[in-house]
file input.cif (mmCIF, C-alpha atoms)
data_final
loop_
_atom_site.label_atom_id
_atom_site.label_comp_id
_atom_site.auth_asym_id
_atom_site.auth_seq_id
_atom_site.Cartn_x
_atom_site.Cartn_y
_atom_site.Cartn_z
CA PHE A 227 -39.15 0.60 -53.33
CA GLY A 228 -37.16 3.87 -53.72
CA SER A 229 -34.57 5.02 -51.22
CA ARG A 230 -35.13 4.24 -47.56
CA ASP A 231 -33.24 5.21 -44.47
CA PHE A 232 -32.73 1.74 -43.00
CA GLY A 233 -30.97 3.28 -40.00
CA SER A 234 -34.23 4.90 -38.89
CA SER A 235 -36.18 1.62 -39.13
CA ARG A 236 -34.92 0.41 -35.75
CA SER A 237 -37.55 0.23 -33.07
CA PRO A 238 -37.02 2.14 -29.79
CA LEU A 239 -36.29 -1.24 -28.17
CA GLN A 240 -33.51 -1.95 -30.67
CA PHE A 241 -32.00 1.48 -30.03
CA ALA A 242 -32.10 0.80 -26.29
CA TYR A 243 -30.19 -2.47 -26.62
CA PHE A 244 -27.69 -1.36 -29.27
CA PRO A 245 -25.13 0.16 -26.82
CA ILE A 246 -25.37 -2.94 -24.60
CA LEU A 247 -24.69 -5.23 -27.55
CA GLN A 248 -21.74 -3.06 -28.55
CA GLY A 249 -20.36 -3.35 -25.02
CA LEU A 250 -20.72 -7.12 -24.99
CA SER A 251 -18.96 -7.33 -28.34
CA THR A 252 -16.03 -5.28 -27.00
CA MET A 253 -15.79 -7.48 -23.90
CA ALA A 254 -15.81 -10.62 -26.04
CA GLU A 255 -12.94 -9.27 -28.15
CA THR A 256 -10.77 -8.40 -25.12
CA LYS A 257 -9.41 -11.60 -23.66
CA PRO A 258 -7.49 -11.20 -20.40
CA LYS A 259 -3.75 -11.80 -20.64
CA VAL A 260 -2.36 -14.20 -18.03
CA LEU A 261 1.20 -14.74 -16.84
CA PHE A 262 1.77 -17.62 -14.43
CA VAL A 263 4.36 -16.78 -11.73
CA LEU A 264 6.38 -19.59 -10.12
CA GLY A 265 9.36 -19.92 -7.80
CA GLY A 266 10.19 -21.63 -4.54
CA PRO A 267 8.63 -20.43 -1.28
CA GLY A 268 10.47 -17.24 -0.31
CA ALA A 269 11.81 -16.53 -3.80
CA GLY A 270 10.19 -13.07 -3.72
CA LYS A 271 7.31 -13.63 -6.16
CA GLY A 272 4.88 -11.51 -4.16
CA THR A 273 7.29 -8.57 -3.90
CA GLN A 274 7.92 -8.51 -7.65
CA CYS A 275 4.21 -8.93 -8.50
CA GLY A 276 3.47 -5.93 -6.28
CA LYS A 277 6.04 -3.84 -8.15
CA ILE A 278 4.57 -4.86 -11.53
CA CYS A 279 1.08 -3.75 -10.45
CA GLU A 280 2.40 -0.45 -9.03
CA THR A 281 4.21 0.31 -12.29
CA TYR A 282 1.67 -0.98 -14.83
CA PRO A 283 -1.94 -0.10 -13.91
CA ASN A 284 -3.54 -2.67 -16.26
CA TRP A 285 -1.93 -5.52 -14.32
CA SER A 286 -3.50 -7.27 -11.34
CA HIS A 287 -1.86 -9.68 -8.88
CA VAL A 288 -3.91 -12.79 -8.13
CA SER A 289 -2.14 -14.98 -5.58
CA ALA A 290 -3.27 -18.60 -5.41
CA GLY A 291 -2.01 -18.76 -1.82
CA ASP A 292 -3.89 -15.60 -0.79
CA CYS A 293 -7.10 -16.89 -2.41
CA LEU A 294 -6.79 -20.18 -0.53
CA ARG A 295 -5.96 -18.50 2.79
CA ALA A 296 -8.97 -16.18 2.44
CA GLU A 297 -11.22 -19.14 1.66
CA ARG A 298 -10.03 -21.21 4.61
CA ASN A 299 -10.70 -18.26 6.95
CA ASN A 300 -14.21 -17.80 5.53
CA PRO A 301 -16.61 -19.36 8.08
CA GLU A 302 -19.20 -19.89 5.32
CA SER A 303 -16.82 -21.90 3.10
CA LYS A 304 -17.47 -25.63 2.80
CA ASP A 305 -13.83 -26.10 1.71
CA GLY A 306 -12.18 -24.02 4.47
CA GLU A 307 -11.24 -26.81 6.89
CA LEU A 308 -9.97 -29.06 4.08
CA ILE A 309 -7.78 -26.24 2.70
CA ASN A 310 -6.40 -25.48 6.19
CA ASN A 311 -5.34 -29.06 6.84
CA ILE A 312 -3.70 -29.44 3.42
CA ILE A 313 -1.72 -26.17 3.74
CA LYS A 314 -0.44 -27.16 7.20
CA GLU A 315 0.96 -30.35 5.66
CA GLY A 316 2.67 -28.34 2.89
CA LYS A 317 0.66 -30.24 0.29
CA ILE A 318 -1.25 -29.03 -2.79
CA VAL A 319 -4.96 -28.16 -2.59
CA PRO A 320 -7.25 -29.95 -5.12
CA SER A 321 -7.05 -28.21 -8.49
CA GLU A 322 -10.82 -27.70 -8.87
CA ILE A 323 -10.91 -25.60 -5.67
CA THR A 324 -7.88 -23.49 -6.60
CA VAL A 325 -8.94 -22.79 -10.21
CA LYS A 326 -12.47 -21.88 -9.10
CA LEU A 327 -11.05 -19.31 -6.64
CA LEU A 328 -8.59 -17.88 -9.21
CA ASP A 329 -11.33 -17.54 -11.82
CA LYS A 330 -13.57 -15.74 -9.32
CA ALA A 331 -10.75 -13.34 -8.34
CA MET A 332 -9.91 -12.58 -11.98
CA HIS A 333 -13.52 -11.77 -12.84
CA ALA A 334 -13.74 -9.40 -9.87
CA GLN A 335 -10.63 -7.54 -11.10
CA MET A 336 -11.84 -7.50 -14.72
CA ALA A 337 -14.97 -5.70 -13.52
CA GLU A 338 -12.61 -2.98 -12.26
CA GLY A 339 -10.93 -2.66 -15.67
CA LYS A 340 -7.86 -4.88 -15.25
CA THR A 341 -6.74 -6.67 -18.43
CA CYS A 342 -3.48 -8.45 -17.47
CA PHE A 343 -3.12 -10.93 -14.62
CA LEU A 344 -0.20 -12.32 -12.66
CA ILE A 345 -1.34 -15.70 -11.35
CA ASP A 346 1.13 -16.14 -8.51
CA GLY A 347 1.98 -19.63 -7.22
CA PHE A 348 0.08 -21.46 -9.95
CA PRO A 349 0.11 -23.98 -11.56
CA ARG A 350 1.79 -25.98 -8.80
CA ASN A 351 1.61 -29.29 -10.67
CA LEU A 352 0.56 -30.81 -14.00
CA GLU A 353 -2.97 -31.50 -12.75
CA ASN A 354 -3.38 -27.78 -11.88
CA ASP A 355 -2.39 -26.99 -15.45
CA GLU A 356 -4.87 -29.49 -16.94
CA VAL A 357 -7.76 -28.17 -14.83
CA TRP A 358 -6.87 -24.57 -15.82
CA LYS A 359 -7.09 -25.59 -19.49
CA LYS A 360 -10.50 -27.19 -18.93
CA VAL A 361 -12.01 -24.40 -16.83
CA VAL A 362 -10.40 -21.25 -18.31
CA GLY A 363 -8.85 -22.50 -21.56
CA ASP A 364 -9.12 -20.19 -24.54
CA SER A 365 -11.08 -17.54 -22.64
CA ALA A 366 -7.68 -16.15 -21.52
CA ASP A 367 -4.49 -15.47 -23.47
CA LEU A 368 -1.67 -17.29 -21.64
CA LEU A 369 1.61 -15.39 -22.09
CA GLY A 370 3.81 -17.97 -20.37
CA VAL A 371 5.48 -18.65 -17.01
CA LEU A 372 7.63 -16.17 -15.10
CA VAL A 373 10.02 -18.17 -12.87
CA TYR A 374 12.05 -16.79 -9.94
CA ASN A 375 15.08 -18.92 -9.05
CA ALA A 376 16.77 -18.88 -5.63
CA ASP A 377 18.58 -21.53 -3.58
CA GLU A 378 16.88 -23.22 -0.63
CA ALA A 379 19.22 -21.83 2.03
CA GLU A 380 18.40 -18.25 1.02
CA MET A 381 14.66 -18.94 0.73
CA GLU A 382 14.62 -20.67 4.14
CA LYS A 383 16.32 -17.64 5.74
CA ARG A 384 13.79 -15.27 4.15
CA LEU A 385 10.79 -17.37 5.22
CA LEU A 386 11.95 -17.76 8.83
CA GLY A 387 12.42 -13.99 8.97
CA ARG A 388 8.91 -13.46 7.59
CA GLY A 389 7.46 -16.07 9.98
CA ALA A 390 8.43 -13.93 12.97
CA THR A 391 5.73 -11.43 11.99
CA SER A 392 3.46 -13.02 9.33
CA GLY A 393 1.36 -15.25 11.59
CA ARG A 394 1.17 -17.80 8.75
CA VAL A 395 0.84 -21.42 9.91
CA ASP A 396 3.21 -22.56 7.15
CA ASP A 397 6.07 -20.15 7.99
CA ASN A 398 7.80 -22.59 10.34
CA LEU A 399 10.84 -24.75 9.66
CA GLU A 400 8.97 -28.07 9.36
CA SER A 401 6.33 -26.70 6.97
CA ILE A 402 8.94 -24.75 4.99
CA ARG A 403 11.01 -27.87 4.29
CA LYS A 404 7.89 -29.83 3.31
CA ARG A 405 7.01 -27.00 0.91
CA PHE A 406 10.48 -27.11 -0.65
CA LYS A 407 10.11 -30.86 -1.31
CA THR A 408 6.64 -30.40 -2.79
CA HIS A 409 7.82 -27.54 -4.97
CA GLU A 410 10.78 -29.49 -6.34
CA ALA A 411 8.77 -32.66 -7.02
CA GLU A 412 5.57 -31.12 -8.40
CA THR A 413 6.45 -27.74 -9.93
CA LYS A 414 9.64 -28.60 -11.85
CA PRO A 415 7.68 -30.70 -14.41
CA ILE A 416 5.46 -27.66 -15.08
CA VAL A 417 8.48 -25.46 -15.80
CA ASP A 418 9.97 -28.16 -18.04
CA THR A 419 6.68 -28.51 -19.93
CA TYR A 420 6.48 -24.79 -20.69
CA LYS A 421 10.19 -24.60 -21.52
CA GLY A 422 9.42 -27.06 -24.31
CA LYS A 423 6.96 -24.47 -25.67
CA ASN A 424 9.45 -21.56 -25.29
CA MET A 425 7.09 -19.96 -22.78
CA VAL A 426 9.35 -19.72 -19.71
CA PHE A 427 10.97 -16.43 -18.59
CA GLU A 428 13.54 -17.01 -15.82
CA VAL A 429 14.80 -14.45 -13.30
CA ASP A 430 17.68 -14.80 -10.82
CA ALA A 431 15.95 -14.05 -7.49
CA MET A 432 19.10 -14.15 -5.32
CA PRO A 433 20.09 -10.44 -5.54
CA ALA A 434 18.38 -7.56 -3.73
CA PRO A 435 14.71 -6.90 -4.74
CA GLU A 436 15.59 -3.74 -6.70
CA VAL A 437 18.09 -5.70 -8.83
CA VAL A 438 15.55 -8.48 -9.42
CA TRP A 439 13.03 -5.79 -10.39
CA GLU A 440 15.18 -4.58 -13.29
CA SER A 441 15.10 -8.09 -14.81
CA THR A 442 11.37 -8.42 -14.13
CA LYS A 443 10.56 -5.07 -15.73
CA GLU A 444 12.47 -5.98 -18.89
CA ILE A 445 10.39 -9.17 -19.31
CA ILE A 446 7.05 -7.46 -18.67
CA THR A 447 7.69 -4.67 -21.17
CA LYS A 448 8.60 -7.21 -23.85
CA LEU A 449 5.51 -9.34 -23.18
CA VAL A 450 3.00 -6.49 -23.08
CA PRO A 451 4.46 -3.30 -24.63
CA GLU A 452 2.86 -0.16 -23.25
#

call {"tool": "encode", "arguments": {"input": "input.cif", "output": "structure tokens"}}
result
Amino acid sequence: FGSRDFGSSRSPLQFAYFPILQGLSTMAETKPKVLFVLGGPGAGKGTQCGKICETYPNWSHVSAGDCLRAERNNPESKDGELINNIIKEGKIVPSEITVKLLDKAMHAQMAEGKTCFLIDGFPRNLENDEVWKKVVGDSADLLGVLVYNADEAEMEKRLLGRGATSGRVDDNLESIRKRFKTHEAETKPIVDTYKGKNMVFEVDAMPAPEVVWESTKEIITKLVPE
């Protein structure tokens, strides 16, 4: 047949789609990296997540609590009233609802170029973890669990201080103590499970935020070197 330039045999349609296919291939190869962030209510998770995102532009903070609060305030949401009642009781929202909202928030941030995600306040129990595996599974690279430890007296003091200005229905003494009980009963088994896989990174959250940040920064740079 002699020599032929096979590169020139593509139709105009194939040339038109080639860059799109290349883009899809790149997206498929780049799995988002996920770090679960746990700690008792008032441990300072949100503050530290904010500092991570300020310092490392590839990181995005996805708060399970914020996603749920936004959904319950959405008048078009069929789950809003259910979520509101559960949060007031200091209980855990059904896993299917929470994971669906987290997945939606992650995809919105991925569209803006984010590649690493702090999933704050999740998983709250073993069922959360199982549903995450079913819904998200291997489509994300789970780095482990970042855990902030503080004693209840300190966390209670922080939350009551925040409640004076936050307007949150769960920043009152009764709800706070219910949340502590739920956290201890439901979240500790999650931490123990991931400790067994050597995937837990613990931080003492009792000192001032800037001291806690130094420990946080050290963990982040080891997990995802710049």

call {"tool": "closest_residue", "arguments": {"input": "input.cif", "among": "A:Glu436, A:Ala331, A:Gly347, A:Ser321", "to": "Leu261 in chain A", "atoms": "only C-alpha atoms"}}
result
A:Gly347

call {"tool": "closest_atom_pairs", "arguments": {"input": "input.cif", "of": "range 298-393 of chain A", "to": "range 280-285 of chain A", "cutoff": "6 Å", "atoms": "only C-alpha atoms", "output": "tab-separated table"}}
result
residue	atom	partner	partner_atom	distance
A:Lys340	CA	A:Asn284	CA	5.0
A:Thr341	CA	A:Asn284	CA	5.6
A:Cys342	CA	A:Trp285	CA	4.6
A:Phe343	CA	A:Trp285	CA	5.5

call {"tool": "atom_distance", "arguments": {"input": "input.cif", "atom1": "CA of Gln274 in chain A", "atom2": "CA of Asp364 in chain A"}}
result
26.7 Å

call {"tool": "resolve_selection", "arguments": {"input": "input.cif", "expression": "the PyMOL selection byres ((chain A and resi 413) around 10)", "output": "list in words"}}
result
Leu264, Gly265, Gly266, Gly347, Phe348, Pro349, Arg350, Asn351, Leu352, Lys407, Thr408, His409, Glu410, Ala411, Glu412, Lys414, Pro415, Ile416, Val417 and Asp418 of chain A

call {"tool": "atom_distance", "arguments": {"input": "input.cif", "atom1": "CA of Val325 in chain A", "atom2": "CA of Lys271 in chain A"}}
result
19.1 Å

call {"tool": "atom_distance", "arguments": {"input": "input.cif", "atom1": "CA of Lys383 in chain A", "atom2": "CA of Val429 in chain A"}}
result
19.4 Å

call {"tool": "closest_residue", "arguments": {"input": "input.cif", "among": "A:Leu385, A:Leu368, A:Val362, A:Val373", "to": "Val450 in chain A", "atoms": "all atoms listed in the file"}}
result
A:Leu368

call {"tool": "closest_residue", "arguments": {"input": "input.cif", "among": "A:Ile323, A:Cys275, A:Ile318, A:Leu328", "to": "Gly306 in chain A", "atoms": "only C-alpha atoms"}}
result
A:Ile323

call {"tool": "closest_residue", "arguments": {"input": "input.cif", "among": "A:Pro258, A:Gly363, A:Pro435, A:Gly291", "to": "Gly316 in chain A", "atoms": "all atoms listed in the file"}}
result
A:Gly291

call {"tool": "closest_residue", "arguments": {"input": "input.cif", "among": "A:Leu372, A:Gly268, A:Lys257, A:Val438", "to": "Ile402 in chain A", "atoms": "all atoms listed in the file"}}
result
A:Gly268

call {"tool": "closest_residue", "arguments": {"input": "input.cif", "among": "A:Leu327, A:Ile278, A:Val263, A:Phe406", "to": "Glu444 in chain A", "atoms": "all atoms listed in the file"}}
result
A:Ile278

call {"tool": "residues_around", "arguments": {"input": "input.cif", "residues": "range 294-298 of chain A", "least_positions_apart": "5", "cutoff": "10 Å", "atoms": "all atoms listed in the file", "output": "VMD selection string"}}
result
chain A and resid 289 303 to 311 313 319 323 to 324 327 to 328 394

call {"tool": "residues_near_point", "arguments": {"input": "input.cif", "point": "(15.5, -17.0, 1.2)", "cutoff": "12 Å", "atoms": "only C-alpha atoms", "output": "PDB file with C-alpha atoms, in the frame of the given file"}}
result
ATOM      1  CA  GLY A 265       9.360 -19.920  -7.800  1.00  0.00           C
ATOM      2  CA  GLY A 266      10.190 -21.630  -4.540  1.00  0.00           C
ATOM      3  CA  PRO A 267       8.630 -20.430  -1.280  1.00  0.00           C
ATOM      4  CA  GLY A 268      10.470 -17.240  -0.310  1.00  0.00           C
ATOM      5  CA  ALA A 269      11.810 -16.530  -3.800  1.00  0.00           C
ATOM      6  CA  GLY A 270      10.190 -13.070  -3.720  1.00  0.00           C
ATOM      7  CA  LYS A 271       7.310 -13.630  -6.160  1.00  0.00           C
ATOM      8  CA  TYR A 374      12.050 -16.790  -9.940  1.00  0.00           C
ATOM      9  CA  ASN A 375      15.080 -18.920  -9.050  1.00  0.00           C
ATOM     10  CA  ALA A 376      16.770 -18.880  -5.630  1.00  0.00           C
ATOM     11  CA  ASP A 377      18.580 -21.530  -3.580  1.00  0.00           C
ATOM     12  CA  GLU A 378      16.880 -23.220  -0.630  1.00  0.00           C
ATOM     13  CA  ALA A 379      19.220 -21.830   2.030  1.00  0.00           C
ATOM     14  CA  GLU A 380      18.400 -18.250   1.020  1.00  0.00           C
ATOM     15  CA  MET A 381      14.660 -18.940   0.730  1.00  0.00           C
ATOM     16  CA  GLU A 382      14.620 -20.670   4.140  1.00  0.00           C
ATOM     17  CA  LYS A 383      16.320 -17.640   5.740  1.00  0.00           C
ATOM     18  CA  ARG A 384      13.790 -15.270   4.150  1.00  0.00           C
ATOM     19  CA  LEU A 385      10.790 -17.370   5.220  1.00  0.00           C
ATOM     20  CA  LEU A 386      11.950 -17.760   8.830  1.00  0.00           C
ATOM     21  CA  GLY A 387      12.420 -13.990   8.970  1.00  0.00           C
ATOM     22  CA  ARG A 388       8.910 -13.460   7.590  1.00  0.00           C
ATOM     23  CA  GLY A 389       7.460 -16.070   9.980  1.00  0.00           C
ATOM     24  CA  ILE A 402       8.940 -24.750   4.990  1.00  0.00           C
ATOM     25  CA  PHE A 406      10.480 -27.110  -0.650  1.00  0.00           C
ATOM     26  CA  ALA A 431      15.950 -14.050  -7.490  1.00  0.00           C
ATOM     27  CA  MET A 432      19.100 -14.150  -5.320  1.00  0.00           C
ATOM     28  CA  PRO A 433      20.090 -10.440  -5.540  1.00  0.00           C
ATOM     29  CA  ALA A 434      18.380  -7.560  -3.730  1.00  0.00           C
ATOM     30  CA  PRO A 435      14.710  -6.900  -4.740  1.00  0.00           C
TER      31      PRO A 435
END

call {"tool": "decode", "arguments": {"input": "input.cif", "residues": "range 367-378 of chain A", "atoms": "N, CA and C atoms", "output": "PDB file, in the first residue's frame"}}
result
ATOM      1  N   ASP A 367      -9.950   9.257  46.173  1.00  0.00           N
ATOM      2  CA  ASP A 367      -8.809   8.677  46.887  1.00  0.00           C
ATOM      3  C   ASP A 367      -8.874   9.139  48.344  1.00  0.00           C
ATOM      4  N   LEU A 368      -9.275   8.256  49.245  1.00  0.00           N
ATOM      5  CA  LEU A 368      -9.415   8.610  50.660  1.00  0.00           C
ATOM      6  C   LEU A 368      -8.053   8.573  51.345  1.00  0.00           C
ATOM      7  N   LEU A 369      -7.621   9.735  51.860  1.00  0.00           N
ATOM      8  CA  LEU A 369      -6.312   9.859  52.492  1.00  0.00           C
ATOM      9  C   LEU A 369      -6.324   9.404  53.946  1.00  0.00           C
ATOM     10  N   GLY A 370      -7.485   9.518  54.602  1.00  0.00           N
ATOM     11  CA  GLY A 370      -7.588   9.126  56.000  1.00  0.00           C
ATOM     12  C   GLY A 370      -8.521  10.040  56.762  1.00  0.00           C
ATOM     13  N   VAL A 371      -8.332  10.090  58.092  1.00  0.00           N
ATOM     14  CA  VAL A 371      -9.199  10.870  58.977  1.00  0.00           C
ATOM     15  C   VAL A 371      -8.338  11.783  59.846  1.00  0.00           C
ATOM     16  N   LEU A 372      -8.594  13.068  59.751  1.00  0.00           N
ATOM     17  CA  LEU A 372      -7.926  14.072  60.582  1.00  0.00           C
ATOM     18  C   LEU A 372      -8.823  14.316  61.807  1.00  0.00           C
ATOM     19  N   VAL A 373      -8.306  14.057  63.003  1.00  0.00           N
ATOM     20  CA  VAL A 373      -9.123  14.107  64.221  1.00  0.00           C
ATOM     21  C   VAL A 373      -8.595  15.183  65.172  1.00  0.00           C
ATOM     22  N   TYR A 374      -9.501  16.090  65.576  1.00  0.00           N
ATOM     23  CA  TYR A 374      -9.163  17.147  66.543  1.00  0.00           C
ATOM     24  C   TYR A 374      -9.724  16.772  67.914  1.00  0.00           C
ATOM     25  N   ASN A 375      -8.830  16.666  68.904  1.00  0.00           N
ATOM     26  CA  ASN A 375      -9.210  16.232  70.247  1.00  0.00           C
ATOM     27  C   ASN A 375      -9.221  17.406  71.227  1.00  0.00           C
ATOM     28  N   ALA A 376     -10.356  17.558  71.931  1.00  0.00           N
ATOM     29  CA  ALA A 376     -10.462  18.563  72.993  1.00  0.00           C
ATOM     30  C   ALA A 376     -11.436  18.033  74.042  1.00  0.00           C
ATOM     31  N   ASP A 377     -11.296  18.487  75.301  1.00  0.00           N
ATOM     32  CA  ASP A 377     -12.206  17.969  76.318  1.00  0.00           C
ATOM     33  C   ASP A 377     -13.545  18.708  76.276  1.00  0.00           C
ATOM     34  N   GLU A 378     -14.579  18.049  76.842  1.00  0.00           N
ATOM     35  CA  GLU A 378     -15.944  18.568  76.716  1.00  0.00           C
ATOM     36  C   GLU A 378     -16.129  19.931  77.373  1.00  0.00           C
TER      37      GLU A 378
END
